[in-house]
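Okay, so here's the structure we're looking at.
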Amino acid sequence: MDELIRDWTSLPIEILSLILSHLFLGDFKRFRCVCKTWKLVPTLPVPCPSPTQCPILPSQWLMLSRGFNNMELNFSHPLYHSTYQMDIPELSDAFLRCSKDGWLLMSRGKRSVFFFNPFTKAKIDLPDLPHNYNFNAISFSCAPTSSECMIFGIYAFFDHVNFSVISRGEEEWTFRLFKGERDFHQAHTNPVFYNELFYCLGQDDTLGVFNPEDFSWKYLQHPKKSRDFVYESYLVECDGKLLAVFVGKRGRGVSVYTLDDSKMAWERVYDLGSKMLFVSHAVSFSATKVVEGMQNKIYFPRFLGKDGIFFSLATHRYESFGSRLSRKDFDGMKEPLHCCWIEPRTETRCEEDLNWLSEVD
């Protein structure tokens, strides 16, 4: 009987290395602390899995494109040190505009716009724009297979604000021009659909709100400014609240605010709890941590070498899971020109779902 009892330290190194290759962050550290033998187990190189076969579910990926004529997409996950490549000829000569619920909103040429799911290759063509594509920002309310899907594009030029809107089942875009009493300069971030309204973040931290019900546009009554100078800003919904992420010049001074409707002011948020924010110019969204150690962080579309970068609200520094990086600014970091965060969706859709003009449940 004693011969059948074996100590954990006698497990084959090959098996221990295989186990270790499937652990992340805190679990990886705890494995090393079990005993001296386990502390010395060599790590195996872990290839980046396909976004649709990732063991971490749900998972958030940064999708990168090398440009207008390149059909190769690269997907990067914060916990992996390599990328997964996909060739998608369907996106040749197309520009990335927005992303949500696993779908990309793309434009091609001067007036063509379409939805595309890079994981299923499903495509939904939209009616052509009545004008050349000139939006400062664009967004959509939900997945294009939903009967509630609505697309909202905005072009703001001083006190003139142009809107173009189309809903699922409609054959034409609706265009409106609004002339306000004050200038509105859209920040380099797409609108957010929140409480049945489209919220647009201005470069001065103010908010413009479009109501698709009556096609009205209004400015919120002078929200209190969050800071004197903002270099980058992002708008995101998190747990039923509207959050804004403000970044100072060269990445210094990252701060998170939530809109207090009663005071009509930005209120500082110091801790995200179990939440994570994924921000990019094309889309920003929140998620609940799945792997311990990923929470209370803002994931930026930036890299230092091959390592993805996040900002920790606990340490107030930029860090990476792939290195001992700890910096206060963007020094040495690069941001891809064409990129956005995306959560894979692989549901199979019928032909009717992929017809923009058809009615769906």
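Letters A, B, ... go to the chains of the structure tokens in the order shown; residues in each chain start at 1; ligands are counted from 1 in the same order.
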* To do: Taking the DSSP assignment computed from this structure's backbone, write out as a list in words all residues of range 179-211 of chain A that belong to strand (DSSP E or B).
  => Lys179, Gln186, Val192, Phe193, Tyr194, Leu197, Phe198, Tyr199, Cys200, Leu201, Gly202, Leu207, Gly208, Val209, Phe210 and Asn211 of chain A
_So that I can check the surroundings of Arg250 in chain A, please list as a ChimeraX atom specification every protein, DNA and RNA residue that reaches within 9 Å of it, counting only C-alpha atoms and ignoring chain neighbours fewer than 4 positions away._
/A:231,329-331
Using only C-alpha atoms, the best pick from A:Gly308, A:Pro212, A:Pro118, A:Pro301 as closest to Leu105 in chain A would be A:Pro118
I'd like a table as CSV: residues in range 9-119 of chain A with an atom no more than 10 Å from range 181-193 of chain A, each row giving the shortest atom pair and its distance in Å to one decimal, only C-alpha atoms counted, sorted by chain and rising residue number.
```
residue,atom,partner,partner_atom,distance
A:Arg97,CA,A:Asn190,CA,8.8
A:Cys98,CA,A:Asn190,CA,7.5
A:Ser99,CA,A:Asn190,CA,9.8
```
Would you list the contacts of range 233-235 of chain A as a PyMOL selection string, taking every protein, DNA or RNA residue within 9 Å and counting only C-alpha atoms, but skipping same-chain residues closer than 3 positions in sequence? chain A and resi 187-192+199-203+205+230+242-248+279-281+283-285
Compile a residue-level contact table for range 285-350 of chain A against range 80-93 of chain A at a cut-off of 7 Å, reporting for every qualifying residue the shortest atom pair and its distance in Å to one decimal, with only C-alpha atoms counted, rows ordered by chain and ascending number, as JSON lines.
```
{"residue": "A:Lys306", "atom": "CA", "partner": "A:His81", "partner_atom": "CA", "distance": 6.4}
{"residue": "A:Asp307", "atom": "CA", "partner": "A:His81", "partner_atom": "CA", "distance": 6.0}
{"residue": "A:Gly322", "atom": "CA", "partner": "A:His81", "partner_atom": "CA", "distance": 6.5}
```
Could the residues in this selection be written to a file with all heavy atoms, as a JSON list (two decimals), in the first residue's frame?
```
[["chain", "number", "residue", "atom", "x", "y", "z"],
["A", 306, "LYS", "N", 5.89, 43.74, -26.83],
["A", 306, "LYS", "CA", 4.76, 42.86, -27.13],
["A", 306, "LYS", "C", 3.75, 42.79, -25.99],
["A", 306, "LYS", "O", 2.74, 42.08, -26.09],
["A", 306, "LYS", "CB", 5.26, 41.45, -27.45],
["A", 306, "LYS", "CG", 6.11, 41.35, -28.71],
["A", 306, "LYS", "CD", 6.49, 39.91, -28.99],
["A", 306, "LYS", "CE", 7.30, 39.79, -30.27],
["A", 306, "LYS", "NZ", 7.67, 38.38, -30.56],
["A", 307, "ASP", "N", 4.02, 43.50, -24.92],
["A", 307, "ASP", "CA", 3.16, 43.43, -23.73],
["A", 307, "ASP", "C", 2.08, 44.50, -23.74],
["A", 307, "ASP", "O", 2.36, 45.68, -23.95],
["A", 307, "ASP", "CB", 4.00, 43.56, -22.46],
["A", 307, "ASP", "CG", 4.97, 42.41, -22.29],
["A", 307, "ASP", "OD1", 4.60, 41.28, -22.65],
["A", 307, "ASP", "OD2", 6.10, 42.64, -21.81],
["A", 322, "GLY", "N", 2.97, 41.00, -18.38],
["A", 322, "GLY", "CA", 4.10, 40.30, -18.98],
["A", 322, "GLY", "C", 5.46, 40.79, -18.55],
["A", 322, "GLY", "O", 6.48, 40.28, -19.00]]
```
Judged by only C-alpha atoms, the minimum distance to Asn355 in chain A among A:Ser146, A:Ser112, A:Gln295, A:Asn74 is found for A:Ser146
| query | If we count only C-alpha atoms, what is near Ser65 in chain A at a cut-off of 7 Å, once residues fewer than 3 positions away on the same chain are taken out, given as an MDAnalysis selection string? | reply | chainID A and resid 72:74 338:339
Determine which residues of range 13-214 of chain A receive a DSSP assignment of alpha helix (DSSP H), computed from the backbone, and state them as a list of chain:residue names.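 Residues of range 13-214 of chain A classed as alpha helix (DSSP H): A:Ile13, A:Glu14, A:Ile15, A:Leu16, A:Ser17, A:Leu18, A:Ile19, A:Leu20, A:Leu25, A:Gly26, A:Asp27, A:Phe28, A:Lys29, A:Arg30, A:Phe31, A:Arg32, A:Lys36, A:Thr37, A:Trp38, A:Lys39.
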*asked:* Set the distance at 10 Å and use only C-alpha atoms: which residues neighbour Arg268 in chain A once local chain neighbours fewer than 3 positions away are removed? I'd like the list as a PyMOL selection string.
replied: chain A and resi 226+243-244+255-260+265+271
Just write the chosen residues, N, CA, C and O atoms, as a PDB file, in the first residue's frame.
```pdb
ATOM      1  N   SER A 226     -13.797  68.248 -14.831  1.00  0.00           N
ATOM      2  CA  SER A 226     -13.072  67.291 -14.008  1.00  0.00           C
ATOM      3  C   SER A 226     -11.632  67.708 -13.776  1.00  0.00           C
ATOM      4  O   SER A 226     -11.045  67.436 -12.749  1.00  0.00           O
ATOM      5  N   LEU A 243     -19.629  56.457 -17.007  1.00  0.00           N
ATOM      6  CA  LEU A 243     -18.293  56.811 -16.539  1.00  0.00           C
ATOM      7  C   LEU A 243     -17.512  57.490 -17.650  1.00  0.00           C
ATOM      8  O   LEU A 243     -17.723  57.238 -18.834  1.00  0.00           O
ATOM      9  N   ALA A 244     -16.595  58.355 -17.253  1.00  0.00           N
ATOM     10  CA  ALA A 244     -15.662  58.988 -18.191  1.00  0.00           C
ATOM     11  C   ALA A 244     -14.255  58.768 -17.662  1.00  0.00           C
ATOM     12  O   ALA A 244     -13.995  58.889 -16.462  1.00  0.00           O
ATOM     13  N   SER A 255      -7.701  59.535 -14.577  1.00  0.00           N
ATOM     14  CA  SER A 255      -8.745  59.657 -13.561  1.00  0.00           C
ATOM     15  C   SER A 255     -10.070  59.163 -14.121  1.00  0.00           C
ATOM     16  O   SER A 255     -10.323  59.236 -15.323  1.00  0.00           O
ATOM     17  N   VAL A 256     -10.921  58.651 -13.248  1.00  0.00           N
ATOM     18  CA  VAL A 256     -12.230  58.122 -13.629  1.00  0.00           C
ATOM     19  C   VAL A 256     -13.296  58.921 -12.895  1.00  0.00           C
ATOM     20  O   VAL A 256     -13.173  59.202 -11.702  1.00  0.00           O
ATOM     21  N   TYR A 257     -14.340  59.279 -13.629  1.00  0.00           N
ATOM     22  CA  TYR A 257     -15.449  60.040 -13.051  1.00  0.00           C
ATOM     23  C   TYR A 257     -16.767  59.401 -13.446  1.00  0.00           C
ATOM     24  O   TYR A 257     -16.876  58.768 -14.497  1.00  0.00           O
ATOM     25  N   THR A 258     -17.771  59.572 -12.593  1.00  0.00           N
ATOM     26  CA  THR A 258     -19.128  59.159 -12.911  1.00  0.00           C
ATOM     27  C   THR A 258     -20.014  60.393 -12.901  1.00  0.00           C
ATOM     28  O   THR A 258     -19.776  61.341 -12.143  1.00  0.00           O
ATOM     29  N   LEU A 259     -21.013  60.399 -13.766  1.00  0.00           N
ATOM     30  CA  LEU A 259     -21.894  61.555 -13.857  1.00  0.00           C
ATOM     31  C   LEU A 259     -22.966  61.477 -12.778  1.00  0.00           C
ATOM     32  O   LEU A 259     -23.759  60.540 -12.737  1.00  0.00           O
ATOM     33  N   ASP A 260     -22.975  62.471 -11.911  1.00  0.00           N
ATOM     34  CA  ASP A 260     -24.011  62.597 -10.886  1.00  0.00           C
ATOM     35  C   ASP A 260     -25.139  63.437 -11.483  1.00  0.00           C
ATOM     36  O   ASP A 260     -25.012  64.646 -11.640  1.00  0.00           O
ATOM     37  N   ALA A 265     -22.743  66.990 -12.371  1.00  0.00           N
ATOM     38  CA  ALA A 265     -21.305  67.191 -12.216  1.00  0.00           C
ATOM     39  C   ALA A 265     -20.600  65.842 -12.284  1.00  0.00           C
ATOM     40  O   ALA A 265     -21.180  64.799 -11.970  1.00  0.00           O
ATOM     41  N   ASP A 271     -12.102  53.704  -7.057  1.00  0.00           N
ATOM     42  CA  ASP A 271     -11.950  52.254  -7.059  1.00  0.00           C
ATOM     43  C   ASP A 271     -13.062  51.638  -7.892  1.00  0.00           C
ATOM     44  O   ASP A 271     -14.229  52.007  -7.744  1.00  0.00           O
TER      45      ASP A 271
END
```
List as an NGL selection string the protein and nucleic acid residues near Thr9 in chain A, meaning an atom at most 8 Å away when only C-alpha atoms are counted, but skip any in the same chain fewer than 5 places from it.
:A and (35 or 37-38)
Save out the residues we just selected, all heavy atoms, as a PDB file, in the first residue's frame.
```
ATOM      1  N   CYS A  35       5.963  24.305  -2.904  1.00  0.00           N
ATOM      2  CA  CYS A  35       7.168  23.667  -2.381  1.00  0.00           C
ATOM      3  C   CYS A  35       8.358  24.090  -3.236  1.00  0.00           C
ATOM      4  O   CYS A  35       8.197  24.726  -4.282  1.00  0.00           O
ATOM      5  CB  CYS A  35       7.043  22.135  -2.369  1.00  0.00           C
ATOM      6  SG  CYS A  35       6.789  21.424  -4.013  1.00  0.00           S
ATOM      7  N   THR A  37      10.331  22.250  -5.042  1.00  0.00           N
ATOM      8  CA  THR A  37      10.342  21.586  -6.349  1.00  0.00           C
ATOM      9  C   THR A  37       9.444  22.324  -7.340  1.00  0.00           C
ATOM     10  O   THR A  37       9.819  22.575  -8.488  1.00  0.00           O
ATOM     11  CB  THR A  37       9.880  20.131  -6.204  1.00  0.00           C
ATOM     12  OG1 THR A  37      10.744  19.448  -5.307  1.00  0.00           O
ATOM     13  CG2 THR A  37       9.884  19.436  -7.564  1.00  0.00           C
ATOM     14  N   TRP A  38       8.250  22.690  -6.893  1.00  0.00           N
ATOM     15  CA  TRP A  38       7.312  23.381  -7.777  1.00  0.00           C
ATOM     16  C   TRP A  38       7.789  24.797  -8.118  1.00  0.00           C
ATOM     17  O   TRP A  38       7.447  25.331  -9.165  1.00  0.00           O
ATOM     18  CB  TRP A  38       5.926  23.421  -7.140  1.00  0.00           C
ATOM     19  CG  TRP A  38       5.239  22.080  -7.170  1.00  0.00           C
ATOM     20  CD1 TRP A  38       5.831  20.858  -7.199  1.00  0.00           C
ATOM     21  CD2 TRP A  38       3.839  21.852  -7.163  1.00  0.00           C
ATOM     22  NE1 TRP A  38       4.897  19.864  -7.210  1.00  0.00           N
ATOM     23  CE2 TRP A  38       3.649  20.437  -7.180  1.00  0.00           C
ATOM     24  CE3 TRP A  38       2.720  22.674  -7.120  1.00  0.00           C
ATOM     25  CZ2 TRP A  38       2.387  19.864  -7.173  1.00  0.00           C
ATOM     26  CZ3 TRP A  38       1.458  22.099  -7.105  1.00  0.00           C
ATOM     27  CH2 TRP A  38       1.287  20.715  -7.140  1.00  0.00           C
TER      28      TRP A  38
END
```
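Here CA of Lys334 in chain A stands at a distance of 9.8 Å from CA of Ile309 in chain A.
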- prompt: Contacts of Pro12 in chain A at 12 Å or less, counting only C-alpha atoms, minus same-chain residues fewer than 6 places along, as a ChimeraX atom specification?
  reply: /A:6,18-19,37-38,41-42
Would you output that residue set with N, CA and C atoms, as an mmCIF file, in the first residue's frame?
```cif
data_model
loop_
_atom_site.group_PDB
_atom_site.id
_atom_site.type_symbol
_atom_site.label_atom_id
_atom_site.label_comp_id
_atom_site.auth_asym_id
_atom_site.auth_seq_id
_atom_site.Cartn_x
_atom_site.Cartn_y
_atom_site.Cartn_z
ATOM 1 N N ARG A 6 2.508 8.487 -3.229
ATOM 2 C CA ARG A 6 3.629 9.244 -3.785
ATOM 3 C C ARG A 6 3.498 10.707 -3.380
ATOM 4 N N LEU A 18 3.003 21.503 -17.705
ATOM 5 C CA LEU A 18 1.753 21.604 -18.443
ATOM 6 C C LEU A 18 0.668 22.252 -17.581
ATOM 7 N N ILE A 19 0.603 21.855 -16.317
ATOM 8 C CA ILE A 19 -0.366 22.464 -15.399
ATOM 9 C C ILE A 19 -0.073 23.952 -15.237
ATOM 10 N N THR A 37 10.331 22.250 -5.042
ATOM 11 C CA THR A 37 10.342 21.586 -6.349
ATOM 12 C C THR A 37 9.444 22.324 -7.340
ATOM 13 N N TRP A 38 8.250 22.690 -6.893
ATOM 14 C CA TRP A 38 7.312 23.381 -7.777
ATOM 15 C C TRP A 38 7.789 24.797 -8.118
ATOM 16 N N VAL A 41 9.872 24.592 -11.286
ATOM 17 C CA VAL A 41 9.299 23.989 -12.496
ATOM 18 C C VAL A 41 9.415 24.973 -13.660
ATOM 19 N N PRO A 42 9.996 24.564 -14.782
ATOM 20 C CA PRO A 42 10.136 25.469 -15.929
ATOM 21 C C PRO A 42 8.775 25.752 -16.577
#
```
(request) Go through A:Val236, A:Leu40, A:Ala143, A:Met294 and flag the residue nearest Asn117 in chain A, using only C-alpha atoms for the distances. (result)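 Selected residue with least distance to Asn117 in chain A: A:Ala143.
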